[in-house]
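Peer 1: Got a file for you: final23.csv, CSV, C-alpha atoms.
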chain,number,residue,atom,x,y,z
A,1,MET,CA,23.6,17.8,-4.7
A,2,LYS,CA,20.7,19.0,-2.6
A,3,ASN,CA,19.2,20.6,-5.6
A,4,CYS,CA,19.6,17.5,-7.6
A,5,PHE,CA,17.7,15.5,-5.0
A,6,LEU,CA,14.9,18.1,-4.9
A,7,THR,CA,14.6,18.0,-8.7
A,8,LEU,CA,14.3,14.2,-8.5
A,9,VAL,CA,11.6,14.4,-5.8
A,10,LEU,CA,9.7,16.9,-7.8
A,11,ALA,CA,9.9,14.9,-11.0
A,12,VAL,CA,8.6,11.8,-9.2
A,13,LEU,CA,5.8,13.8,-7.7
A,14,ALA,CA,4.9,15.3,-11.0
A,15,PHE,CA,4.9,11.9,-12.6
A,16,SER,CA,2.7,10.3,-9.9
A,17,ALA,CA,0.4,13.3,-10.2
A,18,THR,CA,-0.2,12.6,-13.9
A,19,ALA,CA,-0.5,8.9,-13.4
A,20,ALA,CA,-3.2,9.1,-10.7
A,21,ASP,CA,-6.8,9.9,-11.5
A,22,PRO,CA,-7.6,13.5,-11.1
A,23,LEU,CA,-10.7,12.5,-9.2
A,24,VAL,CA,-11.4,14.8,-6.3
A,25,PHE,CA,-13.5,13.8,-3.3
A,26,THR,CA,-14.5,16.3,-0.7
A,27,ASP,CA,-16.4,13.6,1.3
A,28,PRO,CA,-14.1,10.9,2.8
A,29,ALA,CA,-17.1,8.5,3.0
A,30,MET,CA,-17.7,9.0,-0.7
A,31,GLU,CA,-14.1,8.3,-1.4
A,32,GLU,CA,-14.2,5.1,0.6
A,33,ARG,CA,-17.3,4.0,-1.2
A,34,TYR,CA,-15.6,4.7,-4.6
A,35,ASN,CA,-12.5,2.7,-3.5
A,36,ASP,CA,-14.6,-0.2,-2.4
A,37,LEU,CA,-16.7,-0.2,-5.5
A,38,THR,CA,-13.9,0.0,-8.0
A,39,ALA,CA,-12.1,-2.8,-6.1
A,40,GLU,CA,-14.9,-5.2,-6.6
A,41,LEU,CA,-15.4,-4.5,-10.2
A,42,ARG,CA,-13.3,-6.3,-12.8
A,43,CYS,CA,-11.5,-4.6,-15.6
A,44,ALA,CA,-12.6,-6.1,-19.0
A,45,VAL,CA,-9.2,-5.3,-20.6
A,46,CYS,CA,-6.7,-6.7,-18.1
A,47,GLN,CA,-9.0,-9.4,-16.9
A,48,ASN,CA,-7.1,-10.2,-13.7
A,49,GLN,CA,-7.2,-6.7,-12.4
A,50,SER,CA,-9.9,-4.7,-10.7
A,51,LEU,CA,-11.0,-1.4,-12.1
A,52,ALA,CA,-9.2,0.2,-9.2
A,53,ASP,CA,-5.9,-1.5,-10.0
A,54,SER,CA,-5.9,-1.3,-13.8
A,55,ASP,CA,-4.0,1.3,-15.8
A,56,ALA,CA,-5.9,0.4,-19.0
A,57,GLU,CA,-7.4,3.4,-20.7
A,58,LEU,CA,-10.8,1.9,-20.6
A,59,ALA,CA,-10.4,1.4,-16.8
A,60,GLN,CA,-9.6,5.1,-16.5
A,61,ASP,CA,-12.6,6.0,-18.5
A,62,LEU,CA,-14.8,3.7,-16.4
A,63,ARG,CA,-13.5,5.1,-13.2
A,64,LYS,CA,-14.3,8.5,-14.4
A,65,GLU,CA,-17.8,7.3,-15.4
A,66,ILE,CA,-18.3,5.7,-11.9
A,67,TYR,CA,-17.1,8.9,-10.3
A,68,ASP,CA,-19.5,11.0,-12.3
A,69,MET,CA,-22.4,8.7,-11.6
A,70,MET,CA,-21.6,8.8,-7.8
A,71,MET,CA,-21.5,12.6,-8.0
A,72,ALA,CA,-24.9,12.5,-9.7
A,73,GLY,CA,-26.2,10.7,-6.7
A,74,GLN,CA,-26.5,7.2,-8.2
A,75,ASP,CA,-26.2,4.2,-5.8
A,76,ASN,CA,-23.9,1.2,-6.1
A,77,GLU,CA,-26.6,-1.0,-7.5
A,78,GLN,CA,-27.3,1.5,-10.3
A,79,ILE,CA,-23.6,1.8,-11.1
A,80,LYS,CA,-23.2,-2.0,-11.2
A,81,THR,CA,-26.3,-2.3,-13.4
A,82,PHE,CA,-24.8,0.3,-15.8
A,83,LEU,CA,-21.7,-1.8,-16.1
A,84,VAL,CA,-23.4,-5.2,-16.3
A,85,ASP,CA,-25.7,-3.9,-19.0
A,86,ARG,CA,-22.7,-3.2,-21.1
A,87,TYR,CA,-20.0,-5.7,-20.2
A,88,GLY,CA,-22.1,-8.5,-18.6
A,89,ASP,CA,-21.8,-10.3,-15.2
A,90,PHE,CA,-18.1,-10.7,-16.1
A,91,VAL,CA,-17.3,-7.3,-14.5
A,92,LEU,CA,-18.6,-8.4,-11.1
A,93,TYR,CA,-16.1,-10.1,-8.8
A,94,ARG,CA,-19.2,-11.1,-6.7
A,95,PRO,CA,-21.8,-12.1,-9.3
A,96,ALA,CA,-25.4,-12.3,-8.3
A,97,MET,CA,-26.7,-15.8,-7.3
A,98,GLU,CA,-28.5,-17.0,-10.4
A,99,GLY,CA,-29.1,-20.2,-12.3
A,100,ASN,CA,-25.8,-20.0,-14.2
A,101,THR,CA,-23.7,-18.9,-11.2
A,102,LEU,CA,-25.2,-21.3,-8.8
A,103,ALA,CA,-22.4,-23.9,-9.2
A,104,LEU,CA,-19.9,-21.1,-8.6
A,105,TRP,CA,-21.5,-20.2,-5.3
A,106,LEU,CA,-22.3,-23.6,-4.1
A,107,MET,CA,-19.1,-25.4,-5.1
A,108,PRO,CA,-17.0,-24.3,-2.1
A,109,GLY,CA,-19.6,-25.6,0.3
A,110,VAL,CA,-20.0,-28.8,-1.5
A,111,LEU,CA,-16.3,-29.4,-1.6
A,112,LEU,CA,-16.0,-28.6,2.0
A,113,GLY,CA,-18.8,-31.1,2.7
A,114,ILE,CA,-17.0,-33.8,0.7
A,115,GLY,CA,-13.8,-33.1,2.6
A,116,ALA,CA,-15.6,-33.3,6.0
A,117,ILE,CA,-17.2,-36.6,5.1
A,118,ALA,CA,-13.8,-38.0,3.9
A,119,VAL,CA,-12.1,-36.9,7.1
A,120,PHE,CA,-14.9,-38.4,9.2
A,121,PHE,CA,-14.6,-41.8,7.5
A,122,THR,CA,-10.8,-41.8,7.6
A,123,VAL,CA,-10.7,-41.0,11.3
A,124,ARG,CA,-13.4,-43.6,12.1
A,125,ASN,CA,-11.7,-46.3,10.1
A,126,ARG,CA,-8.4,-45.6,11.8
A,127,ASN,CA,-9.9,-45.6,15.2
A,128,ARG,CA,-11.5,-49.0,14.5
A,129,ARG,CA,-8.3,-50.3,13.1
A,130,LEU,CA,-6.4,-49.1,16.2
A,131,ALA,CA,-9.0,-50.6,18.4
A,132,THR,CA,-8.8,-54.0,16.8
A,133,GLU,CA,-5.0,-53.9,16.9
A,134,ARG,CA,-5.1,-53.0,20.6
A,135,GLN,CA,-7.5,-55.9,21.2
A,136,LYS,CA,-5.2,-58.3,19.3
A,137,GLY,CA,-2.2,-57.0,21.3
A,138,SER,CA,-4.0,-57.4,24.7
A,139,SER,CA,-5.3,-60.9,24.0
B,1,MET,CA,-11.9,-51.5,-3.3
B,2,ILE,CA,-13.4,-47.9,-3.4
B,3,GLY,CA,-10.4,-46.7,-1.4
B,4,ARG,CA,-8.0,-48.0,-4.1
B,5,LEU,CA,-10.0,-46.6,-7.0
B,6,LEU,CA,-10.4,-43.2,-5.4
B,7,PRO,CA,-7.1,-41.8,-6.5
B,8,VAL,CA,-7.8,-42.9,-10.1
B,9,ILE,CA,-11.3,-41.4,-10.0
B,10,ILE,CA,-9.9,-38.1,-8.6
B,11,PHE,CA,-7.1,-38.2,-11.3
B,12,LEU,CA,-9.7,-38.7,-14.1
B,13,ALA,CA,-12.0,-36.0,-12.7
B,14,LEU,CA,-9.1,-33.5,-12.5
B,15,GLY,CA,-8.0,-34.5,-16.0
B,16,ILE,CA,-11.5,-33.8,-17.4
B,17,LEU,CA,-11.6,-30.5,-15.6
B,18,LEU,CA,-8.2,-29.4,-16.9
B,19,ALA,CA,-9.1,-30.6,-20.5
B,20,VAL,CA,-12.3,-28.5,-20.4
B,21,GLY,CA,-10.3,-25.6,-19.0
B,22,LEU,CA,-7.8,-25.8,-21.9
B,23,LYS,CA,-10.6,-26.1,-24.4
B,24,ILE,CA,-12.3,-22.9,-23.3
B,25,ALA,CA,-9.0,-21.1,-22.6
B,26,ASP,CA,-8.7,-20.0,-26.2
B,27,HIS,CA,-11.8,-17.9,-25.8
B,28,LYS,CA,-11.5,-16.9,-22.2
B,29,THR,CA,-10.6,-13.3,-22.9
B,30,GLU,CA,-13.8,-12.9,-25.0
B,31,ILE,CA,-16.6,-11.7,-22.9
B,32,PRO,CA,-20.1,-12.5,-24.2
B,33,SER,CA,-21.9,-9.3,-24.9
B,34,PRO,CA,-25.1,-8.6,-23.0
B,35,LEU,CA,-26.1,-6.4,-26.0
B,36,ILE,CA,-26.9,-9.2,-28.4
B,37,GLY,CA,-30.6,-9.1,-29.2
B,38,LYS,CA,-30.9,-5.5,-27.8
B,39,GLN,CA,-31.4,-2.3,-29.6
B,40,MET,CA,-28.3,-0.4,-30.6
B,41,PRO,CA,-27.3,2.2,-27.9
B,42,GLU,CA,-28.2,5.8,-28.6
B,43,PHE,CA,-25.6,8.2,-29.7
B,44,THR,CA,-25.0,11.5,-31.5
B,45,LEU,CA,-21.4,11.8,-32.7
B,46,PRO,CA,-19.5,13.8,-35.4
B,47,VAL,CA,-18.4,12.3,-38.7
B,48,LEU,CA,-14.6,11.8,-38.7
B,49,GLY,CA,-13.0,14.8,-40.4
B,50,GLN,CA,-16.3,16.8,-40.4
B,51,PRO,CA,-16.8,17.9,-36.8
B,52,GLU,CA,-19.8,20.0,-37.8
B,53,VAL,CA,-21.7,17.0,-39.3
B,54,MET,CA,-23.4,15.0,-36.5
B,55,VAL,CA,-24.8,11.4,-37.0
B,56,ALA,CA,-27.4,9.9,-34.6
B,57,HIS,CA,-27.9,6.2,-34.1
B,58,ASP,CA,-31.4,6.3,-35.6
B,59,GLU,CA,-30.1,7.7,-38.9
B,60,LEU,CA,-28.3,4.5,-39.4
B,61,ILE,CA,-31.3,2.2,-38.9
B,62,GLY,CA,-33.2,0.9,-41.9
B,63,THR,CA,-30.7,-1.2,-43.8
B,64,PRO,CA,-28.4,-3.6,-41.9
B,65,PHE,CA,-24.8,-2.7,-41.4
B,66,LEU,CA,-21.6,-3.8,-39.7
B,67,LEU,CA,-20.3,-1.3,-37.2
B,68,ASN,CA,-16.5,-1.8,-37.1
B,69,VAL,CA,-14.7,-0.3,-34.1
B,70,TRP,CA,-11.2,0.6,-35.1
B,71,ALA,CA,-8.3,2.9,-34.2
B,72,SER,CA,-5.0,3.9,-35.8
B,73,TRP,CA,-3.2,2.6,-32.7
B,74,CYS,CA,-4.8,-0.8,-33.0
B,75,VAL,CA,-2.4,-3.3,-34.5
B,76,THR,CA,-5.0,-6.0,-35.1
B,77,CYS,CA,-7.2,-3.5,-37.0
B,78,ARG,CA,-4.4,-3.3,-39.5
B,79,VAL,CA,-4.5,-7.1,-39.9
B,80,GLU,CA,-8.2,-7.0,-40.2
B,81,HIS,CA,-8.3,-4.1,-42.7
B,82,PRO,CA,-8.1,-6.1,-46.0
B,83,VAL,CA,-11.0,-8.3,-44.8
B,84,ILE,CA,-13.1,-5.3,-44.0
B,85,GLU,CA,-12.2,-3.8,-47.3
B,86,GLU,CA,-13.1,-7.0,-49.1
B,87,LEU,CA,-16.4,-7.1,-47.3
B,88,ALA,CA,-17.3,-3.5,-48.1
B,89,LYS,CA,-16.3,-4.0,-51.8
B,90,SER,CA,-18.5,-7.1,-52.1
B,91,GLY,CA,-21.6,-5.0,-51.4
B,92,LEU,CA,-23.0,-7.6,-49.1
B,93,ILE,CA,-23.5,-5.1,-46.3
B,94,ARG,CA,-22.9,-1.5,-45.4
B,95,VAL,CA,-19.7,-1.1,-43.3
B,96,VAL,CA,-19.7,1.8,-40.8
B,97,GLY,CA,-16.6,2.7,-38.9
B,98,LEU,CA,-16.5,3.8,-35.3
B,99,ASN,CA,-13.1,5.4,-34.8
B,100,TYR,CA,-12.4,4.7,-31.2
B,101,ARG,CA,-10.3,6.8,-28.8
B,102,ASP,CA,-8.1,8.1,-31.7
B,103,GLU,CA,-6.5,11.3,-32.8
B,104,GLU,CA,-8.2,12.7,-35.8
B,105,ALA,CA,-5.0,13.3,-37.8
B,106,ASP,CA,-3.8,9.8,-37.0
B,107,ALA,CA,-7.1,8.3,-38.1
B,108,GLN,CA,-7.1,10.2,-41.4
B,109,ALA,CA,-3.5,9.2,-42.0
B,110,TRP,CA,-4.3,5.6,-41.4
B,111,LEU,CA,-7.2,5.7,-43.8
B,112,ALA,CA,-5.1,7.5,-46.4
B,113,ARG,CA,-2.3,4.9,-46.1
B,114,PHE,CA,-4.4,1.7,-46.0
B,115,GLY,CA,-7.5,2.8,-47.8
B,116,ASN,CA,-10.9,3.7,-46.6
B,117,PRO,CA,-13.5,0.9,-46.8
B,118,TYR,CA,-16.1,2.7,-44.7
B,119,GLU,CA,-19.3,4.2,-46.0
B,120,LEU,CA,-19.2,6.5,-43.0
B,121,ASN,CA,-16.8,7.0,-40.1
B,122,ILE,CA,-18.1,8.1,-36.8
B,123,ALA,CA,-15.6,9.7,-34.4
B,124,ASP,CA,-15.8,8.6,-30.8
B,125,ILE,CA,-12.8,10.4,-29.5
B,126,SER,CA,-13.7,10.2,-25.9
B,127,GLY,CA,-14.7,6.5,-26.1
B,128,ARG,CA,-18.0,7.2,-24.3
B,129,THR,CA,-20.2,5.7,-26.9
B,130,ALA,CA,-18.0,2.7,-27.1
B,131,ILE,CA,-18.6,2.2,-23.4
B,132,ASP,CA,-22.4,2.0,-24.2
B,133,PHE,CA,-21.5,-0.6,-26.8
B,134,GLY,CA,-19.5,-2.6,-24.2
B,135,VAL,CA,-16.3,-2.2,-26.3
B,136,TYR,CA,-13.2,-3.1,-24.3
B,137,ALA,CA,-10.7,-3.6,-27.1
B,138,ALA,CA,-10.4,-2.8,-30.7
B,139,PRO,CA,-11.2,-4.2,-33.2
B,140,GLU,CA,-14.8,-5.2,-32.4
B,141,SER,CA,-17.6,-5.4,-34.8
B,142,PHE,CA,-21.4,-5.3,-34.3
B,143,LEU,CA,-23.8,-6.7,-36.9
B,144,VAL,CA,-27.0,-4.5,-36.7
B,145,ASP,CA,-30.2,-5.7,-38.3
B,146,PRO,CA,-32.7,-3.6,-40.3
B,147,ASN,CA,-34.5,-2.7,-37.1
B,148,GLY,CA,-31.4,-1.5,-35.3
B,149,THR,CA,-31.0,-4.6,-33.2
B,150,ILE,CA,-27.5,-5.9,-32.5
B,151,VAL,CA,-27.6,-9.5,-33.6
B,152,PHE,CA,-23.9,-10.5,-33.5
B,153,LYS,CA,-20.7,-9.2,-32.0
B,154,GLN,CA,-17.2,-10.1,-33.1
B,155,ILE,CA,-14.4,-9.4,-30.6
B,156,GLY,CA,-11.1,-9.2,-32.4
B,157,ALA,CA,-10.5,-9.3,-36.1
B,158,VAL,CA,-13.3,-10.2,-38.5
B,159,THR,CA,-12.1,-13.1,-40.6
B,160,PRO,CA,-13.3,-14.5,-43.9
B,161,GLU,CA,-14.7,-17.5,-41.8
B,162,ILE,CA,-16.7,-15.1,-39.6
B,163,ILE,CA,-18.1,-13.4,-42.7
B,164,LYS,CA,-19.1,-16.7,-44.2
B,165,GLU,CA,-20.5,-18.3,-41.0
B,166,GLU,CA,-22.0,-15.4,-39.1
B,167,ILE,CA,-22.6,-12.5,-41.4
B,168,VAL,CA,-23.6,-14.0,-44.8
B,169,PRO,CA,-26.4,-16.3,-43.5
B,170,ARG,CA,-28.0,-13.4,-41.6
B,171,VAL,CA,-27.8,-11.0,-44.4
B,172,MET,CA,-29.3,-13.6,-46.8
B,173,GLU,CA,-32.2,-14.1,-44.4
B,174,TRP,CA,-32.9,-10.4,-44.2
B,175,ARG,CA,-32.9,-10.2,-48.0
B,176,ARG,CA,-35.4,-13.1,-48.2
B,177,ALA,CA,-37.8,-11.6,-45.7
B,178,PRO,CA,-37.4,-7.8,-45.7
What's the structure tokens form of this structure?
Peer 2:
Amino acid sequence: MKNCFLTLVLAVLAFSATAADPLVFTDPAMEERYNDLTAELRCAVCQNQSLADSDAELAQDLRKEIYDMMMAGQDNEQIKTFLVDRYGDFVLYRPAMEGNTLALWLMPGVLLGIGAIAVFFTVRNRNRRLATERQKGSS
Amino acid sequence: MIGRLLPVIIFLALGILLAVGLKIADHKTEIPSPLIGKQMPEFTLPVLGQPEVMVAHDELIGTPFLLNVWASWCVTCRVEHPVIEELAKSGLIRVVGLNYRDEEADAQAWLARFGNPYELNIADISGRTAIDFGVYAAPESFLVDPNGTIVFKQIGAVTPEIIKEEIVPRVMEWRRAP
């Protein structure tokens, strides 16, 4: 029974070892940079997943590519440019603020503004209504 | 007055937004390629089945060609295959294959079984060159002009409509003004 359990544990460990990327980091800061970077890059194959999350073969290839570029001393901007040159702005979860992405960046603020104005007028109208009702009630 | 109309206006705006969303939903998985209008990426790769024979990107430049990215594991490639075969047979344009992330034996078996429409097949076993081309799924096809510039990319199967609308007009133009 004990042996059986051990075999199971080893089998799971062996499986997870093959499923994970064989990317080795000696520097924890480098590893954190890698994790942050792959989390904010979008996988082109499974389009609702980041490069860090995706199990697609292309995502594995690209993670390896990013790892190699980092080891070669390239910075995040260079790595992002590498990917954007090939796959377009699409791969960036936080695209640069440009003409065609302006609406994307400004829309939340605009919507918030519209909401604030709506709340302002609703509250003011209700206060006025309540005030007139109170006046009627007192007279 | 405005207060009463407001829900209707919001409803209509939402309706338009969703209608537009539905309309572009068909193509939402297709990422426009930043490589259109740019020079074809550089590569040196072996010919499929002849690992000692290397092909470089600049050896292909001169006459226009369609670079078709395919793999034996790719189901849509099988659907696309008769169309690519027809295109190659028509003599309209050279068809070069880029065998993507495949096993050589599987690729050869696939060609033997379905027929080999390719003038040349380049083996990109690692998929590294495909990354330079921005390939994220097979099949994908790149139309390369006589100067080596990528002028059109098809994501997914090439269809007779794509050939008629995207490939034929460009090839005809190149033939008129070489």
Peer 1: What is the distance between atom CA of A:Val91 and atom CA of A:Ala44, in Å to one decimal?
Peer 2: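 Separating atom CA of A:Val91 from atom CA of A:Ala44 is a distance of 6.6 Å.
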Peer 1: Out of A:Ile117, A:Leu51, A:Cys43, A:Ala96, which residue has the shortest atom-to-atom distance to chain B when counting all atoms listed in the file?
Peer 2: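 Going through A:Ile117, A:Leu51, A:Cys43, A:Ala96 one by one, the smallest distance to chain B is for A:Cys43.
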Peer 1: With only C-alpha atoms as the counted atoms, please give the residues lying no more than 12 Å from B:Gln154, apart from itself and same-chain residues fewer than 4 positions off, as a ChimeraX atom specification.
Peer 2: /B:27,30-33,35-36,66-69,80,134-144,150,158-159,161-163,165-167
Peer 1: Neighbouring residues of B:Gly62 were defined as those with any atom within 12 Å, considering all atoms listed in the file; residues of the same chain fewer than 3 positions away were excluded. Please report them as JSON, numbers by chain.
Peer 2: {"B": [57, 58, 59, 65, 94, 144, 145, 146, 147, 148, 149, 174, 178]}
Peer 1: Separation of atom CA of A:Leu62 and atom CA of A:Gln49, in Å?
Peer 2: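 These two atoms are separated by 13.5 Å.
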Peer 1: Can you work out which residues from chain A touch chain B at a cut-off of 10 Å (counting only C-alpha atoms) and hand them back as a PDB file with C-alpha atoms, keeping the file's coordinate frame?
Peer 2:
ATOM      1  CA  CYS A  43     -11.500  -4.600 -15.600  1.00  0.00           C
ATOM      2  CA  ALA A  44     -12.600  -6.100 -19.000  1.00  0.00           C
ATOM      3  CA  VAL A  45      -9.200  -5.300 -20.600  1.00  0.00           C
ATOM      4  CA  CYS A  46      -6.700  -6.700 -18.100  1.00  0.00           C
ATOM      5  CA  GLN A  47      -9.000  -9.400 -16.900  1.00  0.00           C
ATOM      6  CA  ALA A  56      -5.900   0.400 -19.000  1.00  0.00           C
ATOM      7  CA  GLU A  57      -7.400   3.400 -20.700  1.00  0.00           C
ATOM      8  CA  LEU A  58     -10.800   1.900 -20.600  1.00  0.00           C
ATOM      9  CA  ALA A  59     -10.400   1.400 -16.800  1.00  0.00           C
ATOM     10  CA  ASP A  61     -12.600   6.000 -18.500  1.00  0.00           C
ATOM     11  CA  LEU A  62     -14.800   3.700 -16.400  1.00  0.00           C
ATOM     12  CA  GLU A  65     -17.800   7.300 -15.400  1.00  0.00           C
ATOM     13  CA  PHE A  82     -24.800   0.300 -15.800  1.00  0.00           C
ATOM     14  CA  LEU A  83     -21.700  -1.800 -16.100  1.00  0.00           C
ATOM     15  CA  VAL A  84     -23.400  -5.200 -16.300  1.00  0.00           C
ATOM     16  CA  ASP A  85     -25.700  -3.900 -19.000  1.00  0.00           C
ATOM     17  CA  ARG A  86     -22.700  -3.200 -21.100  1.00  0.00           C
ATOM     18  CA  TYR A  87     -20.000  -5.700 -20.200  1.00  0.00           C
ATOM     19  CA  GLY A  88     -22.100  -8.500 -18.600  1.00  0.00           C
ATOM     20  CA  ASP A  89     -21.800 -10.300 -15.200  1.00  0.00           C
ATOM     21  CA  PHE A  90     -18.100 -10.700 -16.100  1.00  0.00           C
ATOM     22  CA  VAL A  91     -17.300  -7.300 -14.500  1.00  0.00           C
TER      23      VAL A  91
END
Peer 1: Using all atoms listed in the file, which of A:Ile79, A:Met70, A:Leu102, A:Arg42 sits nearest A:Ala29?
Peer 2: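 Closest candidate: A:Met70.
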Peer 1: Give the answer as one residue: which of B:Cys74, B:Ala19, B:Val151, B:Ile2 has the shortest atom-to-atom distance to B:Met40, using only C-alpha atoms?
Peer 2: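 Closest to B:Met40 of all the choices is B:Val151.
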Peer 1: Would you work out the distance separating atom CA of A:Leu92 from atom CA of A:Leu41, expressed in Å to one decimal?
Peer 2: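 A separation of 5.1 Å between them.
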Peer 1: In terms of the shortest atom-to-atom distance over only C-alpha atoms, which of B:Pro51, B:Val79, B:Gly37, B:Val95 is closest to B:Lys153?
Peer 2: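 Looking only at the distances to B:Lys153, the closest residue turns out to be B:Gly37.
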Peer 1: Find the smallest box with edges along x, y and z containing every listed atom of stretch 104-123 of chain B, then add 8 Å on each side and report centre and edge lengths in Å to one decimal, as AutoDock Vina command-line options.
Peer 2:
--center_x -10.8 --center_y 7.1 --center_z -41.1 --size_x 33.0 --size_y 28.4 --size_z 29.4
Peer 1: For B:Pro64, which residue out of B:Leu87, B:Leu14, B:Val20, B:Val96 is the nearest one, using only C-alpha atoms?
Peer 2: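 Of the candidates, the smallest distance to B:Pro64 is held by B:Val96.
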Peer 1: Using only C-alpha atoms, which of the listed residues (A:Ile66, A:Met71, A:Ala103, A:Val119) sits closest to A:Asp36?
Peer 2: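 Going through A:Ile66, A:Met71, A:Ala103, A:Val119 one by one, the smallest distance to A:Asp36 is for A:Ile66.
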